[in-house]
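Enquirer: Below you'll find the structure I mean.
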Amino acid sequence: MRKRVILLIFLVFFVCINGAWGWGKELEVKVNLNKAKEAVFSSSGGLKIEIGKRYFSVPSSYPVHFREKGGKVEWEEENILSSEVYIYPKGKEPILWGKRPYRGSFIVKASSDGILVINQLPVEDYIKGTMKLELSPAWPVEALKAQIIVSRTYALKNLRRHEEEGFNFCATDHCQRYGGINAEDPVTNRLVEETKGLVLTYQNELASAVFHSESGGFTESALDVWGREVPYLVEVASPWEGNAPHSSWRVEFTKEELEESLREARLIQGEILDIRLSSSSEGRVEEVEVITTDGEFSFPASRFREAIGWEKLPSTFFAMKKEEKEQKVRKETFPSSSSSLSSSSFDYDEWMEKDWDLDDIINFLKMREEERNQKKGISPPPRIVVEEEVVSQGTAFIFEGKGYGHGVGLSQWGAKGMAEEGFSYEEILSHYFPGCRIERTTFK
Ligand SMILES: [Zn+2]
């Protein structure tokens, strides 16, 4: 009995150590690339396929097809149905999913209305396949290293994000964008290897290493954006972003567009009468108050940005103005011929008394011409009267701001600017994550 308890304690200890960030063998992650109706795989080195406890060898460059059939995965070439299929490369050549190469192996899994295409690979290879989708490999090395450590930490911290769906990460911005070997670069691959296992920690635990593209000059605290206080996700200055692509931006929405988005997100009811902003001393909007025909509605600026669309409203670092939009419309009318000059008398005396300017000379000559034509029986062309009418286009809300992203944690463009000024990746990370340490996990 005692032995069993000791064994149990040992097992628990072992699981804890491995379950934290000191595993014995290199950790593999499952990345869901897509939900599809069908998928094709091949490899120039050939494939090994495991389906329903049977094993198959597929020759070099021979494509295998899988599709969804009655809630299962069907291997078309062999007519075998199963809920899951495992696909491994025979040699060192990567697997092609369609035409795109991926490291590691694949799992094709039946899901409610299609098949999931899941790429399973070591976490370090996964990080390599996120890099070119985050940054340019031409950026300074220290900024790239900072991003790699942040991406690795973020991945390890969020391993259980899609646990219920049977994988670790999706391949979109929700987790991190991942593109397999096509998203790798020799430079970033080398840096991933150089920094292998380095992660950001706070009080011996993995930090929440969040990042964004541009802060606009000041990062944002987790408390202001997500309502959750995190000691190292606080507002810091980021004055190195002058060359960033969104260092200033301007977007415009009609009242109706805002109403639709905010109503859909259940943030407001009624029609918008006005919008008021409460901002921090640096100018980042913290709270948005919308006054409508149904009352007043207040919510955090991050909720406002989410409702409008992350892409459409690049950050919460903005000022807003309201404008009544008007448009001048040209109206052309053809008055009846009776109002044309032909019927009016041509008073020479009146004209002779004038101080003539150029327009008068032209008009005089025109009238003389018409008079002559009239005498000859030629009717003048109908005169077109042009009027400009002002038409209301409704109310527009104009947002002018800085930065791109939620503004919390590492600013990628800030890191680039710091690296260009000679700061190391350690200095970059300790600036954006004050109080955190960089530690090496015990990968083998
Ligand atoms: Zn995800």
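Just so we're on the same page: first chain in the structure tokens is A, next is B, and so on; residues restart at 1 for each chain, and ligands are numbered from 1 in the order they show up.
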Could you find all residues in stretch 184-423 of chain A that DSSP calls strand (DSSP E or B) from the backbone, and write them as a ChimeraX atom specification?

Expert: /A:198-202,205-206,211-212,214,218,220,237,249-254,272-279,285-292,295-300,317-333,385-402,404,408,410-411

Enquirer: Excluding A:Ser238 and its own-chain neighbours fewer than 4 positions away, which residues fall within 6 Å of it when counting only C-alpha atoms? Please give them as a list in words.

Expert: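 Using only C-alpha atoms, the neighbours found are Gly217, Phe218 and Gly414 of chain A.
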
Enquirer: Using 6 Å as the limit and counting only C-alpha atoms and all ligand atoms, can you tabulate each residue of chain A that touches ligand 1, with its shortest atom-to-atom distance in Å and the two atoms involved, as a tab-separated table?

Expert:
```
residue	atom	partner	partner_atom_place_in_ligand_line	distance
A:Phe169	CA	ligand 1	1 (Zn)	4.9
A:Cys170	CA	ligand 1	1 (Zn)	4.0
A:His174	CA	ligand 1	1 (Zn)	4.3
A:Cys175	CA	ligand 1	1 (Zn)	3.9
```

Enquirer: Skip stretch 253-267 of chain A itself and residues of its chain fewer than 5 positions away, then list as a list in words all residues within 8 Å of it, counting only C-alpha atoms.

Expert: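 The contact residues come out as Ile272, Phe297, Phe299, Phe304, Ala307, Ile308, Gly394, Thr395, Ala396, Phe397 and Ile398 of chain A.
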
Enquirer: Which is closest to A:Leu273 among A:Glu296, A:Ser111, A:Leu135, A:Phe211, if we use only C-alpha atoms?

Expert: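 The shortest atom-to-atom distance to A:Leu273 comes from A:Glu296.
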
Enquirer: Residues at most 8 Å from stretch 420-424 of chain A, counting only C-alpha atoms, excluding those fewer than 6 positions away in the same chain, as a count of residues only?

Expert: 3

Enquirer: Quick one: residues within 8 Å of A:Ser302, only C-alpha atoms, excluding same-chain residues fewer than 4 positions away - as a PyMOL selection string?

Expert: chain A and resi 225-226+286+306+316+406

Enquirer: Let me make sure I understand: among A:Pro434, A:Gly46, A:Gly407, A:Gly197, which one has the smallest atom-to-atom distance to A:Thr219 if we use only C-alpha atoms?

Expert: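 Once distances to A:Thr219 are computed over only C-alpha atoms, the minimum belongs to A:Gly407.
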
Enquirer: Env of stretch 98-107 of chain A: 7 Å cut, atoms = only C-alpha atoms, seq-sep filter 4 positions within chain, self excluded. Answer as JSON, numbers by chain.

Expert: {"A": [40, 41, 84, 85, 86, 87, 88, 89, 94, 117, 118, 119, 120, 121, 180, 181, 182]}

Enquirer: Residues as selected, N, CA and C atoms, written as a tab-separated table (two decimals), in the first residue's frame, can you do that?

Expert:
```tsv
chain	number	residue	atom	x	y	z
A	40	VAL	N	-5.99	16.62	-49.81
A	40	VAL	CA	-5.06	15.79	-50.56
A	40	VAL	C	-3.67	15.94	-49.95
A	41	PHE	N	-2.97	14.81	-49.77
A	41	PHE	CA	-1.60	14.85	-49.22
A	41	PHE	C	-0.67	14.06	-50.13
A	84	GLU	N	-10.69	8.93	-37.67
A	84	GLU	CA	-9.41	9.64	-37.66
A	84	GLU	C	-8.41	8.94	-38.57
A	85	VAL	N	-7.56	9.73	-39.21
A	85	VAL	CA	-6.49	9.17	-40.04
A	85	VAL	C	-5.18	9.86	-39.65
A	86	TYR	N	-4.10	9.08	-39.54
A	86	TYR	CA	-2.79	9.66	-39.23
A	86	TYR	C	-1.90	9.52	-40.46
A	87	ILE	N	-1.24	10.62	-40.80
A	87	ILE	CA	-0.39	10.62	-42.00
A	87	ILE	C	1.02	11.06	-41.59
A	88	TYR	N	2.01	10.20	-41.87
A	88	TYR	CA	3.40	10.50	-41.49
A	88	TYR	C	4.27	10.53	-42.74
A	89	PRO	N	5.33	11.33	-42.71
A	89	PRO	CA	6.27	11.26	-43.83
A	89	PRO	C	7.15	10.01	-43.66
A	94	PRO	N	9.15	16.82	-46.39
A	94	PRO	CA	7.90	17.22	-45.72
A	94	PRO	C	6.66	16.72	-46.44
A	117	VAL	N	-8.24	19.37	-40.76
A	117	VAL	CA	-6.88	19.06	-41.21
A	117	VAL	C	-5.94	19.61	-40.15
A	118	ILE	N	-5.33	18.68	-39.39
A	118	ILE	CA	-4.52	19.08	-38.23
A	118	ILE	C	-3.06	18.71	-38.47
A	119	ASN	N	-2.19	19.68	-38.29
A	119	ASN	CA	-0.75	19.46	-38.46
A	119	ASN	C	-0.14	19.28	-37.07
A	120	GLN	N	0.53	18.15	-36.86
A	120	GLN	CA	1.16	17.90	-35.55
A	120	GLN	C	2.67	17.99	-35.71
A	121	LEU	N	3.31	18.82	-34.87
A	121	LEU	CA	4.76	19.03	-35.04
A	121	LEU	C	5.38	19.58	-33.75
A	180	GLY	N	3.08	26.98	-41.93
A	180	GLY	CA	3.98	25.87	-42.27
A	180	GLY	C	5.30	26.37	-42.84
A	181	ILE	N	5.92	25.55	-43.68
A	181	ILE	CA	7.26	25.87	-44.20
A	181	ILE	C	7.24	27.14	-45.05
A	182	ASN	N	6.12	27.41	-45.73
A	182	ASN	CA	6.04	28.63	-46.54
A	182	ASN	C	6.19	29.90	-45.70
```

Enquirer: Check the smallest atom-to-atom distance from each of A:Ser221, A:Leu233, A:Trp413, A:Arg177 to A:Pro245 using only C-alpha atoms, then report the winner.

Expert: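 The shortest atom-to-atom distance to A:Pro245 comes from A:Trp413.
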
Enquirer: Counting only C-alpha atoms, figure out which residue out of A:Ile362, A:Val385, A:Leu277, A:Val390 gets nearest to A:Lys328.

Expert: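 Of A:Ile362, A:Val385, A:Leu277, A:Val390, the one nearest A:Lys328 is A:Val390, counting only C-alpha atoms.
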
Enquirer: List the neighbours of A:Gly216 out to 12 Å using only C-alpha atoms; skip same-chain residues closer than 3 positions along the sequence, and give me the result as a PyMOL selection string.

Expert: chain A and resi 212-213+219-220+235-249+282-284+314-318+400-408+411-414

Enquirer: Just to be explicit: take each residue in the selection above, keep N, CA and C atoms, and write the result as a compact mmCIF listing (two decimals), in the first residue's frame.

Expert:
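again_23.txt, freshly written:
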```
# COMPACT_ATOMS: atom_id res chain seq x y z
N HIS A 212 1.23 43.19 -29.99
CA HIS A 212 0.42 43.89 -30.98
C HIS A 212 1.37 44.54 -31.98
N SER A 213 0.81 45.11 -33.03
CA SER A 213 1.66 45.64 -34.09
C SER A 213 2.27 47.00 -33.71
N THR A 219 1.92 51.98 -24.71
CA THR A 219 1.18 50.72 -24.68
C THR A 219 0.01 50.88 -23.70
N GLU A 220 -0.82 49.87 -23.66
CA GLU A 220 -2.05 49.91 -22.86
C GLU A 220 -1.93 48.86 -21.75
N GLU A 235 0.95 50.16 -18.72
CA GLU A 235 1.23 51.16 -19.74
C GLU A 235 2.70 51.56 -19.71
N VAL A 236 3.38 51.44 -20.83
CA VAL A 236 4.75 51.96 -20.92
C VAL A 236 4.90 52.82 -22.18
N ALA A 237 5.86 53.75 -22.12
CA ALA A 237 6.09 54.61 -23.28
C ALA A 237 6.74 53.80 -24.40
N SER A 238 6.41 54.14 -25.63
CA SER A 238 6.98 53.43 -26.78
C SER A 238 7.30 54.44 -27.89
N PRO A 239 8.32 55.26 -27.62
CA PRO A 239 8.56 56.39 -28.55
C PRO A 239 9.38 56.04 -29.79
N TRP A 240 9.42 54.75 -30.16
CA TRP A 240 10.29 54.33 -31.28
C TRP A 240 9.50 53.95 -32.52
N GLU A 241 8.26 54.45 -32.63
CA GLU A 241 7.38 53.91 -33.68
C GLU A 241 7.08 54.90 -34.80
N GLY A 242 7.96 55.91 -34.93
CA GLY A 242 7.70 56.98 -35.91
C GLY A 242 7.51 56.48 -37.34
N ASN A 243 8.20 55.39 -37.72
CA ASN A 243 8.11 54.92 -39.11
C ASN A 243 7.06 53.85 -39.32
N ALA A 244 6.31 53.57 -38.28
CA ALA A 244 5.31 52.49 -38.37
C ALA A 244 4.21 52.87 -39.36
N PRO A 245 3.64 51.86 -40.06
CA PRO A 245 2.66 52.19 -41.10
C PRO A 245 1.37 52.84 -40.60
N HIS A 246 1.00 52.59 -39.34
CA HIS A 246 -0.22 53.20 -38.82
C HIS A 246 0.08 54.29 -37.80
N SER A 247 1.25 54.97 -37.97
CA SER A 247 1.58 55.98 -36.97
C SER A 247 0.50 57.07 -36.96
N SER A 248 -0.21 57.24 -38.05
CA SER A 248 -1.45 58.02 -37.98
C SER A 248 -2.44 57.49 -39.01
N TRP A 249 -3.70 57.43 -38.62
CA TRP A 249 -4.72 56.92 -39.53
C TRP A 249 -6.03 57.69 -39.35
N GLU A 282 -2.69 60.18 -21.99
CA GLU A 282 -1.90 60.07 -23.23
C GLU A 282 -2.78 60.13 -24.47
N GLY A 283 -4.07 59.97 -24.30
CA GLY A 283 -4.97 60.08 -25.45
C GLY A 283 -5.59 58.76 -25.88
N ARG A 284 -5.32 57.67 -25.16
CA ARG A 284 -5.94 56.40 -25.52
C ARG A 284 -7.35 56.37 -24.92
N PRO A 314 -8.34 50.63 -36.27
CA PRO A 314 -7.04 49.99 -36.00
C PRO A 314 -6.60 49.95 -34.54
N SER A 315 -7.02 50.91 -33.70
CA SER A 315 -6.61 50.87 -32.30
C SER A 315 -7.61 51.67 -31.47
N THR A 316 -7.38 51.74 -30.16
CA THR A 316 -8.25 52.59 -29.32
C THR A 316 -7.58 53.92 -29.02
N PHE A 317 -6.50 54.21 -29.76
CA PHE A 317 -5.76 55.46 -29.57
C PHE A 317 -6.29 56.46 -30.60
N PHE A 318 -7.45 57.09 -30.30
CA PHE A 318 -8.03 57.96 -31.33
C PHE A 318 -8.80 59.13 -30.74
N GLU A 400 -9.68 59.75 -35.91
CA GLU A 400 -8.29 59.94 -36.29
C GLU A 400 -7.43 59.41 -35.17
N GLY A 401 -6.53 58.49 -35.49
CA GLY A 401 -5.79 57.85 -34.40
C GLY A 401 -4.40 57.41 -34.76
N LYS A 402 -3.82 56.67 -33.82
CA LYS A 402 -2.46 56.16 -33.96
C LYS A 402 -2.44 54.70 -33.54
N GLY A 403 -1.49 53.94 -34.07
CA GLY A 403 -1.26 52.58 -33.62
C GLY A 403 -2.16 51.56 -34.28
N TYR A 404 -1.78 50.27 -34.08
CA TYR A 404 -2.54 49.18 -34.66
C TYR A 404 -2.51 48.01 -33.69
N GLY A 405 -3.68 47.58 -33.25
CA GLY A 405 -3.74 46.45 -32.32
C GLY A 405 -4.26 46.87 -30.96
N HIS A 406 -4.36 45.90 -30.06
CA HIS A 406 -4.94 46.19 -28.74
C HIS A 406 -4.02 47.02 -27.86
N GLY A 407 -2.75 47.09 -28.20
CA GLY A 407 -1.83 47.97 -27.47
C GLY A 407 -1.24 47.39 -26.20
N VAL A 408 -1.56 46.11 -25.89
CA VAL A 408 -1.06 45.53 -24.64
C VAL A 408 0.20 44.70 -24.93
N SER A 411 5.06 45.86 -28.32
CA SER A 411 4.75 46.53 -29.57
C SER A 411 5.81 46.08 -30.57
N GLN A 412 5.36 45.45 -31.67
CA GLN A 412 6.34 44.92 -32.64
C GLN A 412 7.14 46.05 -33.28
N TRP A 413 6.45 47.15 -33.63
CA TRP A 413 7.17 48.27 -34.24
C TRP A 413 8.03 48.99 -33.21
N GLY A 414 7.60 48.98 -31.96
CA GLY A 414 8.43 49.55 -30.89
C GLY A 414 9.70 48.74 -30.72
```

Enquirer: For A:Glu194, which residue out of A:Gly71, A:Ile148, A:Leu206, A:Leu133 is the nearest one, using only C-alpha atoms?

Expert: A:Ile148
